[in-house]
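File shown: upload_4.cif (mmCIF, C-alpha atoms).
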```cif
data_my_file
loop_
_atom_site.group_PDB
_atom_site.id
_atom_site.type_symbol
_atom_site.label_atom_id
_atom_site.label_comp_id
_atom_site.auth_asym_id
_atom_site.auth_seq_id
_atom_site.Cartn_x
_atom_site.Cartn_y
_atom_site.Cartn_z
ATOM 1 C CA MET A 1 2.230 18.268 -11.038
ATOM 2 C CA LYS A 2 2.571 17.948 -7.265
ATOM 3 C CA SER A 3 0.149 15.957 -5.128
ATOM 4 C CA PHE A 4 -1.628 18.918 -3.488
ATOM 5 C CA GLU A 5 -1.867 20.725 -6.815
ATOM 6 C CA LYS A 6 -3.434 17.613 -8.338
ATOM 7 C CA GLU A 7 -6.002 17.438 -5.535
ATOM 8 C CA ILE A 8 -6.951 21.093 -5.988
ATOM 9 C CA PHE A 9 -7.215 20.770 -9.759
ATOM 10 C CA ASN A 10 -9.181 17.528 -9.452
ATOM 11 C CA VAL A 11 -11.872 19.280 -7.391
ATOM 12 C CA LEU A 12 -11.911 22.270 -9.743
ATOM 13 C CA THR A 13 -12.320 20.133 -12.863
ATOM 14 C CA SER A 14 -14.609 17.408 -11.524
ATOM 15 C CA GLN A 15 -16.989 19.576 -9.505
ATOM 16 C CA LEU A 16 -16.722 23.211 -10.577
ATOM 17 C CA GLY A 17 -16.434 23.166 -14.363
ATOM 18 C CA PHE A 18 -12.776 24.161 -14.739
ATOM 19 C CA TYR A 19 -10.419 22.745 -17.340
ATOM 20 C CA ILE A 20 -6.617 22.580 -17.276
ATOM 21 C CA LYS A 21 -4.125 24.158 -19.676
ATOM 22 C CA ASP A 22 -0.372 23.754 -19.576
ATOM 23 C CA TYR A 23 2.231 26.320 -20.566
ATOM 24 C CA TYR A 24 6.013 26.438 -20.483
ATOM 25 C CA SER A 25 7.530 28.160 -17.460
ATOM 26 C CA ASP A 26 10.753 29.972 -18.254
ATOM 27 C CA PHE A 27 11.513 30.281 -14.533
ATOM 28 C CA LEU A 28 11.104 26.554 -13.806
ATOM 29 C CA GLY A 29 12.295 25.344 -17.198
ATOM 30 C CA LYS A 30 9.358 22.933 -17.509
ATOM 31 C CA LYS A 31 5.608 22.774 -17.921
ATOM 32 C CA SER A 32 3.262 24.470 -15.491
ATOM 33 C CA TRP A 33 -0.514 24.260 -15.266
ATOM 34 C CA VAL A 34 -3.371 26.694 -14.863
ATOM 35 C CA ALA A 35 -7.004 25.826 -14.096
ATOM 36 C CA ILE A 36 -9.448 27.899 -16.150
ATOM 37 C CA LEU A 37 -13.125 28.670 -15.663
ATOM 38 C CA GLU A 38 -14.558 30.607 -18.628
ATOM 39 C CA LYS A 39 -17.512 32.907 -18.106
ATOM 40 C CA GLU A 40 -19.228 35.053 -20.718
ATOM 41 C CA THR A 41 -17.099 38.134 -20.156
ATOM 42 C CA PHE A 42 -14.118 36.989 -18.095
ATOM 43 C CA ILE A 43 -11.881 34.091 -17.038
ATOM 44 C CA TYR A 44 -11.310 32.951 -13.462
ATOM 45 C CA ALA A 45 -7.946 31.178 -13.365
ATOM 46 C CA VAL A 46 -6.106 29.308 -10.608
ATOM 47 C CA VAL A 47 -2.446 28.415 -10.220
ATOM 48 C CA VAL A 48 -0.819 26.572 -7.316
ATOM 49 C CA SER A 49 2.732 27.523 -6.418
ATOM 50 C CA ASP A 50 5.301 27.217 -3.663
ATOM 51 C CA ASP A 51 6.553 30.359 -1.945
ATOM 52 C CA THR A 52 9.717 30.673 -4.083
ATOM 53 C CA TYR A 53 7.858 30.771 -7.376
ATOM 54 C CA CYS A 54 4.548 32.482 -6.603
ATOM 55 C CA ASP A 55 5.367 35.856 -8.216
ATOM 56 C CA TYR A 56 6.615 34.169 -11.378
ATOM 57 C CA ALA A 57 3.650 31.786 -11.356
ATOM 58 C CA TYR A 58 1.253 34.717 -11.374
ATOM 59 C CA SER A 59 3.196 36.608 -14.044
ATOM 60 C CA GLU A 60 3.666 33.667 -16.398
ATOM 61 C CA ALA A 61 0.076 32.445 -16.062
ATOM 62 C CA ASN A 62 -1.237 35.971 -16.593
ATOM 63 C CA ASN A 63 0.913 36.398 -19.723
ATOM 64 C CA TYR A 64 -0.217 33.017 -21.074
ATOM 65 C CA LEU A 65 -3.900 33.894 -20.619
ATOM 66 C CA ASN A 66 -3.545 37.372 -22.153
ATOM 67 C CA GLU A 67 -1.773 35.926 -25.185
ATOM 68 C CA ASN A 68 -4.260 33.110 -25.775
ATOM 69 C CA PHE A 69 -7.638 34.504 -24.691
ATOM 70 C CA SER A 70 -9.485 37.682 -25.606
ATOM 71 C CA LYS A 71 -11.465 37.791 -22.371
ATOM 72 C CA THR A 72 -10.241 39.558 -19.258
ATOM 73 C CA ALA A 73 -8.478 37.035 -17.007
ATOM 74 C CA THR A 74 -8.169 37.081 -13.220
ATOM 75 C CA VAL A 75 -5.327 34.916 -11.930
ATOM 76 C CA ASN A 76 -5.685 33.578 -8.391
ATOM 77 C CA VAL A 77 -2.571 32.106 -6.798
ATOM 78 C CA LEU A 78 -2.689 29.478 -4.057
ATOM 79 C CA ILE A 79 0.682 29.911 -2.324
ATOM 80 C CA CYS A 80 1.996 26.854 -0.457
ATOM 81 C CA THR A 81 4.533 27.567 2.270
ATOM 82 C CA ASP A 82 5.920 26.182 5.526
ATOM 83 C CA LYS A 83 6.917 29.602 6.825
ATOM 84 C CA GLU A 84 5.116 30.699 9.985
ATOM 85 C CA ASN A 85 5.972 34.308 9.137
ATOM 86 C CA TYR A 86 3.865 34.535 6.006
ATOM 87 C CA TYR A 87 2.868 38.207 6.267
ATOM 88 C CA GLY A 88 5.054 39.199 3.339
ATOM 89 C CA PHE A 89 2.936 37.104 1.017
ATOM 90 C CA THR A 90 -0.295 38.831 2.080
ATOM 91 C CA VAL A 91 0.788 42.121 0.468
ATOM 92 C CA ARG A 92 1.520 40.637 -2.959
ATOM 93 C CA PRO A 93 -0.282 42.740 -5.633
ATOM 94 C CA TYR A 94 -2.492 39.931 -6.960
ATOM 95 C CA ASN A 95 -5.265 37.649 -5.718
ATOM 96 C CA LYS A 96 -3.882 34.969 -3.442
ATOM 97 C CA ALA A 97 -4.583 32.491 -0.693
ATOM 98 C CA ILE A 98 -1.819 31.269 1.609
ATOM 99 C CA TYR A 99 -1.726 27.587 2.512
ATOM 100 C CA LEU A 100 0.494 26.433 5.393
ATOM 101 C CA SER A 101 1.649 22.996 4.232
ATOM 102 C CA ASN A 102 2.849 21.821 7.635
ATOM 103 C CA LYS A 103 -0.551 22.603 9.206
ATOM 104 C CA MET A 104 -2.590 21.781 6.110
ATOM 105 C CA GLN A 105 -4.738 24.890 6.366
ATOM 106 C CA VAL A 106 -5.353 28.185 4.612
ATOM 107 C CA VAL A 107 -4.230 31.017 6.917
ATOM 108 C CA TYR A 108 -4.997 33.951 4.635
ATOM 109 C CA SER A 109 -7.249 34.532 1.662
ATOM 110 C CA ASP A 110 -8.288 37.452 -0.494
ATOM 111 C CA GLU A 111 -11.999 37.635 -1.232
ATOM 112 C CA SER A 112 -11.495 36.319 -4.763
ATOM 113 C CA CYS A 113 -9.707 33.258 -3.416
ATOM 114 C CA LYS A 114 -12.320 32.233 -0.840
ATOM 115 C CA PRO A 115 -13.436 29.293 -3.019
ATOM 116 C CA LEU A 116 -9.842 27.997 -3.000
ATOM 117 C CA ALA A 117 -9.732 28.211 0.784
ATOM 118 C CA ASN A 118 -12.939 26.158 0.963
ATOM 119 C CA ILE A 119 -11.532 23.557 -1.430
ATOM 120 C CA ALA A 120 -8.306 23.273 0.591
ATOM 121 C CA GLU A 121 -10.346 22.749 3.760
ATOM 122 C CA HIS A 122 -12.444 20.106 2.002
ATOM 123 C CA ILE A 123 -9.291 18.254 0.922
ATOM 124 C CA LYS A 124 -7.896 18.444 4.460
ATOM 125 C CA LYS A 125 -11.042 16.890 5.932
ATOM 126 C CA LYS A 126 -11.132 14.196 3.255
ATOM 127 C CA ASN A 127 -7.506 13.234 3.943
ATOM 128 C CA GLU A 128 -8.173 13.182 7.693
ATOM 129 C CA VAL A 129 -11.051 10.778 7.110
ATOM 130 C CA LYS A 130 -8.731 8.539 5.078
ATOM 131 C CA ARG A 131 -6.085 8.558 7.810
ATOM 132 C CA ASN A 132 -8.651 7.899 10.518
ATOM 133 C CA SER A 133 -10.218 5.141 8.434
ATOM 134 C CA PHE A 134 -6.899 3.295 8.248
ATOM 135 C CA LYS A 135 -6.204 3.861 11.947
ATOM 136 C CA ASP A 136 -9.676 2.711 12.974
ATOM 137 C CA ASN A 137 -9.383 -0.424 10.813
ATOM 138 C CA ILE A 138 -5.727 -1.256 11.406
ATOM 139 C CA VAL A 139 -6.451 -4.842 12.528
ATOM 140 C CA THR A 140 -8.601 -5.522 9.457
ATOM 141 C CA TYR A 141 -5.974 -4.113 7.097
ATOM 142 C CA SER A 142 -3.231 -6.036 8.915
ATOM 143 C CA LEU A 143 -5.116 -9.312 8.522
ATOM 144 C CA ILE A 144 -5.669 -8.595 4.835
ATOM 145 C CA ILE A 145 -1.969 -7.809 4.340
ATOM 146 C CA ILE A 146 -0.900 -11.003 6.157
ATOM 147 C CA ASN A 147 -3.227 -13.103 3.998
ATOM 148 C CA ILE A 148 -2.003 -11.455 0.809
ATOM 149 C CA LEU A 149 1.682 -11.879 1.738
ATOM 150 C CA ILE A 150 1.153 -15.579 2.463
ATOM 151 C CA PHE A 151 -0.742 -15.930 -0.817
ATOM 152 C CA ILE A 152 2.185 -14.354 -2.671
ATOM 153 C CA ILE A 153 4.471 -16.986 -1.151
ATOM 154 C CA THR A 154 2.122 -19.757 -2.312
ATOM 155 C CA ILE A 155 2.155 -18.253 -5.815
ATOM 156 C CA ILE A 156 5.966 -18.329 -5.852
ATOM 157 C CA VAL A 157 6.089 -21.912 -4.597
ATOM 158 C CA SER A 158 3.343 -23.253 -6.867
ATOM 159 C CA LYS A 159 4.161 -21.004 -9.862
ATOM 160 C CA ASN A 160 0.441 -20.466 -10.382
ATOM 161 C CA ILE A 161 -1.768 -17.586 -9.303
ATOM 162 C CA TYR A 162 -5.206 -18.871 -10.283
ATOM 163 C CA ASP A 163 -5.169 -22.419 -8.908
ATOM 164 C CA ILE A 164 -2.675 -23.308 -6.185
ATOM 165 C CA ASP A 165 -1.817 -27.020 -6.289
ATOM 166 C CA ILE A 166 -2.670 -29.300 -3.358
ATOM 167 C CA TYR A 167 0.983 -30.205 -2.732
ATOM 168 C CA THR A 168 1.907 -26.563 -2.111
ATOM 169 C CA LEU A 169 -1.068 -26.018 0.190
ATOM 170 C CA VAL A 170 -0.238 -29.137 2.205
ATOM 171 C CA ILE A 171 3.426 -28.284 2.737
ATOM 172 C CA MET A 172 2.450 -24.730 3.751
ATOM 173 C CA GLY A 173 -0.053 -25.828 6.391
ATOM 174 C CA ALA A 174 -3.417 -26.891 4.958
ATOM 175 C CA LYS A 175 -5.851 -28.789 7.201
ATOM 176 C CA VAL A 176 -5.126 -32.495 6.659
ATOM 177 C CA ASN A 177 -6.647 -34.721 9.319
ATOM 178 C CA GLU A 178 -4.040 -37.462 9.019
ATOM 179 C CA LEU A 179 -1.200 -35.015 9.631
ATOM 180 C CA ILE A 180 -3.068 -33.361 12.517
ATOM 181 C CA ASN A 181 -3.546 -36.809 14.052
ATOM 182 C CA HIS A 182 0.236 -37.210 13.945
ATOM 183 C CA GLY A 183 0.771 -34.073 16.032
ATOM 184 C CA GLN A 184 0.665 -31.207 13.497
ATOM 185 C CA VAL A 185 -2.164 -29.436 15.346
ATOM 186 C CA TRP A 186 -0.869 -26.039 14.216
ATOM 187 C CA ARG A 187 -2.523 -26.785 10.877
ATOM 188 C CA LEU A 188 -5.853 -25.897 12.491
ATOM 189 C CA ILE A 189 -4.697 -22.257 12.414
ATOM 190 C CA THR A 190 -2.254 -22.104 9.486
ATOM 191 C CA CYS A 191 -4.872 -23.443 7.080
ATOM 192 C CA THR A 192 -6.993 -20.339 7.703
ATOM 193 C CA PHE A 193 -4.286 -18.087 6.228
ATOM 194 C CA LEU A 194 -3.942 -20.084 3.002
ATOM 195 C CA HIS A 195 -6.055 -19.741 -0.141
ATOM 196 C CA GLY A 196 -6.556 -21.945 -3.158
ATOM 197 C CA GLY A 197 -6.386 -19.285 -5.856
ATOM 198 C CA LEU A 198 -6.861 -15.669 -6.868
ATOM 199 C CA ALA A 199 -10.666 -15.760 -6.862
ATOM 200 C CA HIS A 200 -10.677 -17.472 -3.453
ATOM 201 C CA ILE A 201 -8.539 -14.859 -1.718
ATOM 202 C CA ALA A 202 -10.168 -11.936 -3.545
ATOM 203 C CA PHE A 203 -13.645 -12.911 -2.371
ATOM 204 C CA ASN A 204 -12.505 -13.591 1.196
ATOM 205 C CA MET A 205 -10.500 -10.370 1.546
ATOM 206 C CA TYR A 206 -13.400 -8.335 0.161
ATOM 207 C CA ALA A 207 -15.713 -9.907 2.741
ATOM 208 C CA LEU A 208 -13.112 -9.403 5.482
ATOM 209 C CA LYS A 209 -12.797 -5.704 4.669
ATOM 210 C CA ILE A 210 -16.563 -5.202 4.945
ATOM 211 C CA ILE A 211 -17.468 -7.260 8.006
ATOM 212 C CA GLY A 212 -14.077 -6.907 9.703
ATOM 213 C CA SER A 213 -14.390 -3.136 9.845
ATOM 214 C CA GLU A 214 -17.739 -3.485 11.598
ATOM 215 C CA VAL A 215 -16.391 -5.949 14.167
ATOM 216 C CA GLU A 216 -13.362 -3.748 14.833
ATOM 217 C CA PHE A 217 -15.694 -0.806 15.436
ATOM 218 C CA ALA A 218 -18.142 -2.717 17.609
ATOM 219 C CA TYR A 219 -15.784 -4.755 19.784
ATOM 220 C CA GLY A 220 -12.425 -2.980 19.661
ATOM 221 C CA LYS A 221 -9.108 -4.248 18.380
ATOM 222 C CA ILE A 222 -8.148 -6.810 21.050
ATOM 223 C CA LYS A 223 -11.565 -8.486 21.206
ATOM 224 C CA TYR A 224 -11.694 -8.431 17.401
ATOM 225 C CA ILE A 225 -8.432 -10.383 17.219
ATOM 226 C CA LEU A 226 -9.764 -12.905 19.765
ATOM 227 C CA ILE A 227 -13.031 -13.305 17.827
ATOM 228 C CA TYR A 228 -11.153 -13.761 14.550
ATOM 229 C CA LEU A 229 -8.671 -16.345 15.841
ATOM 230 C CA PHE A 230 -11.224 -18.362 17.839
ATOM 231 C CA SER A 231 -13.594 -18.304 14.856
ATOM 232 C CA ALA A 232 -10.796 -19.543 12.619
ATOM 233 C CA LEU A 233 -9.989 -22.307 15.106
ATOM 234 C CA GLY A 234 -13.669 -23.191 15.535
ATOM 235 C CA GLY A 235 -14.109 -23.488 11.798
ATOM 236 C CA SER A 236 -11.088 -25.759 11.519
ATOM 237 C CA ILE A 237 -12.256 -27.969 14.390
ATOM 238 C CA PHE A 238 -15.698 -28.389 12.785
ATOM 239 C CA SER A 239 -13.992 -29.192 9.492
ATOM 240 C CA TYR A 240 -11.728 -31.706 11.266
ATOM 241 C CA ILE A 241 -14.732 -33.432 12.851
ATOM 242 C CA PHE A 242 -17.364 -33.254 10.106
ATOM 243 C CA SER A 243 -15.178 -33.163 6.956
ATOM 244 C CA PRO A 244 -12.386 -35.564 7.904
ATOM 245 C CA ASN A 245 -11.422 -36.400 4.334
ATOM 246 C CA SER A 246 -11.143 -32.828 3.074
ATOM 247 C CA ILE A 247 -7.962 -30.829 2.618
ATOM 248 C CA SER A 248 -9.146 -27.401 3.708
ATOM 249 C CA VAL A 249 -7.762 -23.862 3.409
ATOM 250 C CA GLY A 250 -9.182 -20.351 3.595
ATOM 251 C CA ALA A 251 -10.246 -17.549 5.909
ATOM 252 C CA SER A 252 -13.934 -18.274 5.362
ATOM 253 C CA GLY A 253 -14.444 -19.870 8.775
ATOM 254 C CA ALA A 254 -12.966 -16.826 10.514
ATOM 255 C CA ILE A 255 -15.063 -14.505 8.362
ATOM 256 C CA PHE A 256 -18.247 -16.451 9.149
ATOM 257 C CA GLY A 257 -17.265 -16.044 12.794
ATOM 258 C CA LEU A 258 -17.198 -12.279 12.311
ATOM 259 C CA PHE A 259 -20.710 -12.497 10.891
ATOM 260 C CA GLY A 260 -21.713 -14.491 13.953
ATOM 261 C CA ALA A 261 -20.223 -11.843 16.235
ATOM 262 C CA MET A 262 -22.125 -9.075 14.468
ATOM 263 C CA LEU A 263 -25.366 -11.064 14.662
ATOM 264 C CA VAL A 264 -24.886 -11.213 18.418
ATOM 265 C CA PHE A 265 -24.042 -7.514 18.450
ATOM 266 C CA GLY A 266 -27.208 -6.737 16.503
ATOM 267 C CA VAL A 267 -29.403 -8.802 18.809
ATOM 268 C CA LYS A 268 -27.866 -7.248 21.934
ATOM 269 C CA ASN A 269 -28.381 -3.739 20.585
ATOM 270 C CA ARG A 270 -31.567 -4.254 18.581
ATOM 271 C CA HIS A 271 -33.382 -1.495 20.463
ATOM 272 C CA ARG A 272 -30.711 1.020 19.427
ATOM 273 C CA ILE A 273 -29.887 0.015 15.873
ATOM 274 C CA GLY A 274 -33.177 -1.636 14.869
ATOM 275 C CA LYS A 275 -34.051 -5.187 13.923
ATOM 276 C CA ASN A 276 -33.473 -4.627 10.195
ATOM 277 C CA TYR A 277 -29.714 -4.805 10.733
ATOM 278 C CA VAL A 278 -30.015 -8.297 12.219
ATOM 279 C CA ILE A 279 -32.457 -9.399 9.527
ATOM 280 C CA ASN A 280 -30.220 -8.206 6.696
ATOM 281 C CA LEU A 281 -27.128 -9.777 8.253
ATOM 282 C CA PHE A 282 -28.988 -13.045 8.781
ATOM 283 C CA LYS A 283 -30.001 -13.032 5.100
ATOM 284 C CA VAL A 284 -26.369 -12.590 4.059
ATOM 285 C CA VAL A 285 -25.314 -15.538 6.220
ATOM 286 C CA ILE A 286 -28.095 -17.774 4.870
ATOM 287 C CA ILE A 287 -27.287 -16.860 1.270
ATOM 288 C CA ASN A 288 -23.601 -17.663 1.777
ATOM 289 C CA ILE A 289 -24.395 -20.982 3.442
ATOM 290 C CA PHE A 290 -26.751 -21.813 0.554
ATOM 291 C CA ILE A 291 -24.017 -20.966 -1.962
ATOM 292 C CA GLY A 292 -21.633 -23.223 -0.051
ATOM 293 C CA VAL A 293 -24.077 -26.111 -0.110
ATOM 294 C CA THR A 294 -24.776 -25.839 -3.851
ATOM 295 C CA ILE A 295 -21.153 -25.489 -4.986
ATOM 296 C CA SER A 296 -18.660 -28.336 -4.774
ATOM 297 C CA ASN A 297 -15.321 -28.130 -2.914
ATOM 298 C CA ILE A 298 -16.729 -25.770 -0.269
ATOM 299 C CA ASP A 299 -16.009 -26.660 3.355
ATOM 300 C CA ASN A 300 -19.443 -25.946 4.814
ATOM 301 C CA ALA A 301 -18.515 -27.498 8.157
ATOM 302 C CA GLY A 302 -15.736 -24.921 8.477
ATOM 303 C CA HIS A 303 -18.157 -22.101 7.704
ATOM 304 C CA ILE A 304 -20.724 -23.236 10.250
ATOM 305 C CA GLY A 305 -18.038 -23.906 12.855
ATOM 306 C CA GLY A 306 -16.645 -20.414 12.443
ATOM 307 C CA LEU A 307 -20.142 -18.915 12.647
ATOM 308 C CA VAL A 308 -20.892 -20.774 15.891
ATOM 309 C CA ALA A 309 -17.497 -20.006 17.454
ATOM 310 C CA GLY A 310 -17.739 -16.302 16.574
ATOM 311 C CA GLY A 311 -21.198 -16.090 18.081
ATOM 312 C CA ILE A 312 -20.113 -17.818 21.287
ATOM 313 C CA ILE A 313 -17.072 -15.576 21.787
ATOM 314 C CA ALA A 314 -19.226 -12.511 21.099
ATOM 315 C CA LEU A 315 -21.649 -13.633 23.811
ATOM 316 C CA LEU A 316 -18.784 -13.823 26.300
ATOM 317 C CA VAL A 317 -17.326 -10.365 25.620
ATOM 318 C CA LYS A 318 -18.817 -6.900 25.739
ATOM 319 C CA ASN A 319 -19.089 -4.812 22.605
ATOM 320 C CA LYS A 320 -17.193 -1.557 22.935
ATOM 321 C CA LYS A 321 -18.865 1.340 21.192
ATOM 322 C CA LEU A 322 -22.525 1.213 22.187
ATOM 323 C CA ASN A 323 -21.705 0.442 25.811
ATOM 324 C CA ASN A 324 -19.865 3.752 25.862
#
```

Target format structure tokens, applied to this file:
Amino acid sequence: MKSFEKEIFNVLTSQLGFYIKDYYSDFLGKKSWVAILEKETFIYAVVVSDDTYCDYAYSEANNYLNENFSKTATVNVLICTDKENYYGFTVRPYNKAIYLSNKMQVVYSDESCKPLANIAEHIKKKNEVKRNSFKDNIVTYSLIIINILIFIITIIVSKNIYDIDIYTLVIMGAKVNELINHGQVWRLITCTFLHGGLAHIAFNMYALKIIGSEVEFAYGKIKYILIYLFSALGGSIFSYIFSPNSISVGASGAIFGLFGAMLVFGVKNRHRIGKNYVINLFKVVIINIFIGVTISNIDNAGHIGGLVAGGIIALLVKNKKLNN
């Protein structure tokens, strides 16, 4: 079953009460599928076909339904084509809708096939939202991918996915004050792209996806990158100063910085978006700080440093969307 056919059938079965039956296609030499909606006196059936097979698709589906059901069946064919000159398909002697694959739109529909045209349009809009979502959040997704790729390397080196050993984290760039004192200042940044285990990175990447998308929307891509990196650095500097004996890794400081940036955004725009946004965000920050304080091996200095740095950078730059 092809991707577009699956999408059509998924909507038909999940939302409109259809079910799917397969039958053997002599023309294709393999299974084909028909979506069936049974009413009291008749059957409304749907097949999806490309332009080379549409006549056979109608004929074979119609024969299958007549042989296996006593009710009168109406076969509706959604014809997928890339041909701009599609007029020839409009005069086919059966119910059909014509879908231009290259433009992702229905360009012709018989009255019986209007529901199929609406479904195709719904799928088009849904896919556009998905594409736009990725485009609008490209920095967030890129950061997540970078973190995951680095984590995969740590898994290979340490041969453990759940609990990465300290030796591996140190050689890959963890924050170690003694080594930073000897000139390895790059560890203040590299440590923020390392994670201590599967649960650690899963929690951080989930948080990054949620709050990162908001920062990318509010400040734009370039300012988002600046906020993220300065927050990461701020968290590491706080950890260096206030947790000198800790070996620290994780994106938490950068993520707390994103929370700080959105707190500033909320305060700046409180008259437009309401104070509840700020209150709810503040609660999330407090809860996470409380969790950090009550659980061992959490670098709270890094969290607070990232939060402060993110807030300061946000105060220095203009948010993008609401100013426009």

Next on the checklist: Is it possible to get the residues within 12 Å of (-2.1, 38.3, 1.3) (coordinates as in the file, counting all atoms listed in the file) written as a list in words?
Outcome noted: Cys54, Asn76, Val77, Leu78, Ile79, Asn85, Tyr86, Tyr87, Gly88, Phe89, Thr90, Val91, Arg92, Pro93, Tyr94, Asn95, Lys96, Ala97, Ile98, Tyr99, Val106, Val107, Tyr108, Ser109, Asp110, Glu111, Ser112 and Cys113 of chain A

Item to check | Among listed residues A:Ile43, A:Cys80, A:Leu281, A:Met172, nearest A:Asn66 (using all atoms listed in the file) | outcome: A:Ile43

Next on the checklist: If the PyMOL selection byres ((chain A and resi 58) around 9) were run on this exact file, what residues would it hold? Put them as a PyMOL selection string.
Outcome noted: chain A and resi 47+49+53-57+59-63+75-77+94

Checklist entry - Which value, in Å to one decimal, gives the distance between atom CA of A:Lys175 and atom CA of A:Asp163? => result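 About the pair atom CA of A:Lys175 and atom CA of A:Asp163: they are 17.3 Å apart.
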
Closest-contact table, stretch 239-292 of chain A side, partner stretch 216-219 of chain A, 12 Å, counting all atoms listed in the file, as a Markdown table:
```
| residue | atom | partner | partner_atom | distance |
| --- | --- | --- | --- | --- |
| A:Leu258 | CA | A:Glu216 | CA | 9.7 |
| A:Ala261 | CA | A:Tyr219 | CA | 9.1 |
| A:Met262 | CA | A:Ala218 | CA | 8.1 |
| A:Leu263 | CA | A:Ala218 | CA | 11.4 |
| A:Val264 | CA | A:Ala218 | CA | 10.9 |
| A:Phe265 | CA | A:Ala218 | CA | 7.7 |
| A:Gly266 | CA | A:Ala218 | CA | 10.0 |
| A:Lys268 | CA | A:Ala218 | CA | 11.6 |
| A:Asn269 | CA | A:Ala218 | CA | 10.7 |
```

Item to check | Distance criterion (only C-alpha atoms): nearest to A:Lys135 out of A:Asn118, A:Ile189, A:Lys221, A:Ile155 | outcome: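 Nearest to A:Lys135: A:Lys221.
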
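Residues matched by the PyMOL selection byres ((chain A and resi 196-211) around 6) in this structure: A:Ile161, A:Tyr162, A:Asp163, A:Ile164, A:His195, A:Gly212, A:Ser213, A:Glu214.
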
Checklist entry - For A:Val285, which of A:Lys6, A:His303, A:Lys223, A:Arg272 is the closest residue, counting all atoms listed in the file? => result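 Once distances to A:Val285 are computed over all atoms listed in the file, the minimum belongs to A:His303.
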
Checklist entry - So, counting all atoms listed in the file, which residue among A:Ile241, A:Val278, A:Ile287, A:Leu307 is closest to A:Ala254? => result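 Comparing A:Ile241, A:Val278, A:Ile287, A:Leu307 against A:Ala254, the winner is A:Leu307.
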
Checklist entry - Do you know which residues the PyMOL selection byres ((chain A and resi 74) around 6) returns on this file, as number ranges by chain? => result A: 44-45, 73, 75

Item to check | Distance in Å - atom CA of A:Ser70 versus atom CA of A:Leu37 | outcome: 13.9 Å

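The two atoms in question, atom CA of A:Asp50 and atom CA of A:Leu28, are spaced 11.7 Å apart.
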
Please put the answer as JSON: centre and edge lengths, in Å with one decimal, of a box along x, y and z that encloses all listed atoms of stretch 302-321 of chain A plus 4 Å on each side.
```
{"center_x": -18.7, "center_y": -11.8, "center_z": 17.0, "size_x": 13.9, "size_y": 34.3, "size_z": 26.6}
```

Item to check | Top pick for closest residue to A:Cys191, considering A:Val317, A:Val170, A:Ile225, A:Leu179 and counting all atoms listed in the file | outcome: A:Val170

Checklist entry - Which residue, A:Leu65, A:Lys31, A:Val308, A:Ser101, has the smallest gap to A:Lys124 when you use only C-alpha atoms? => result A:Ser101
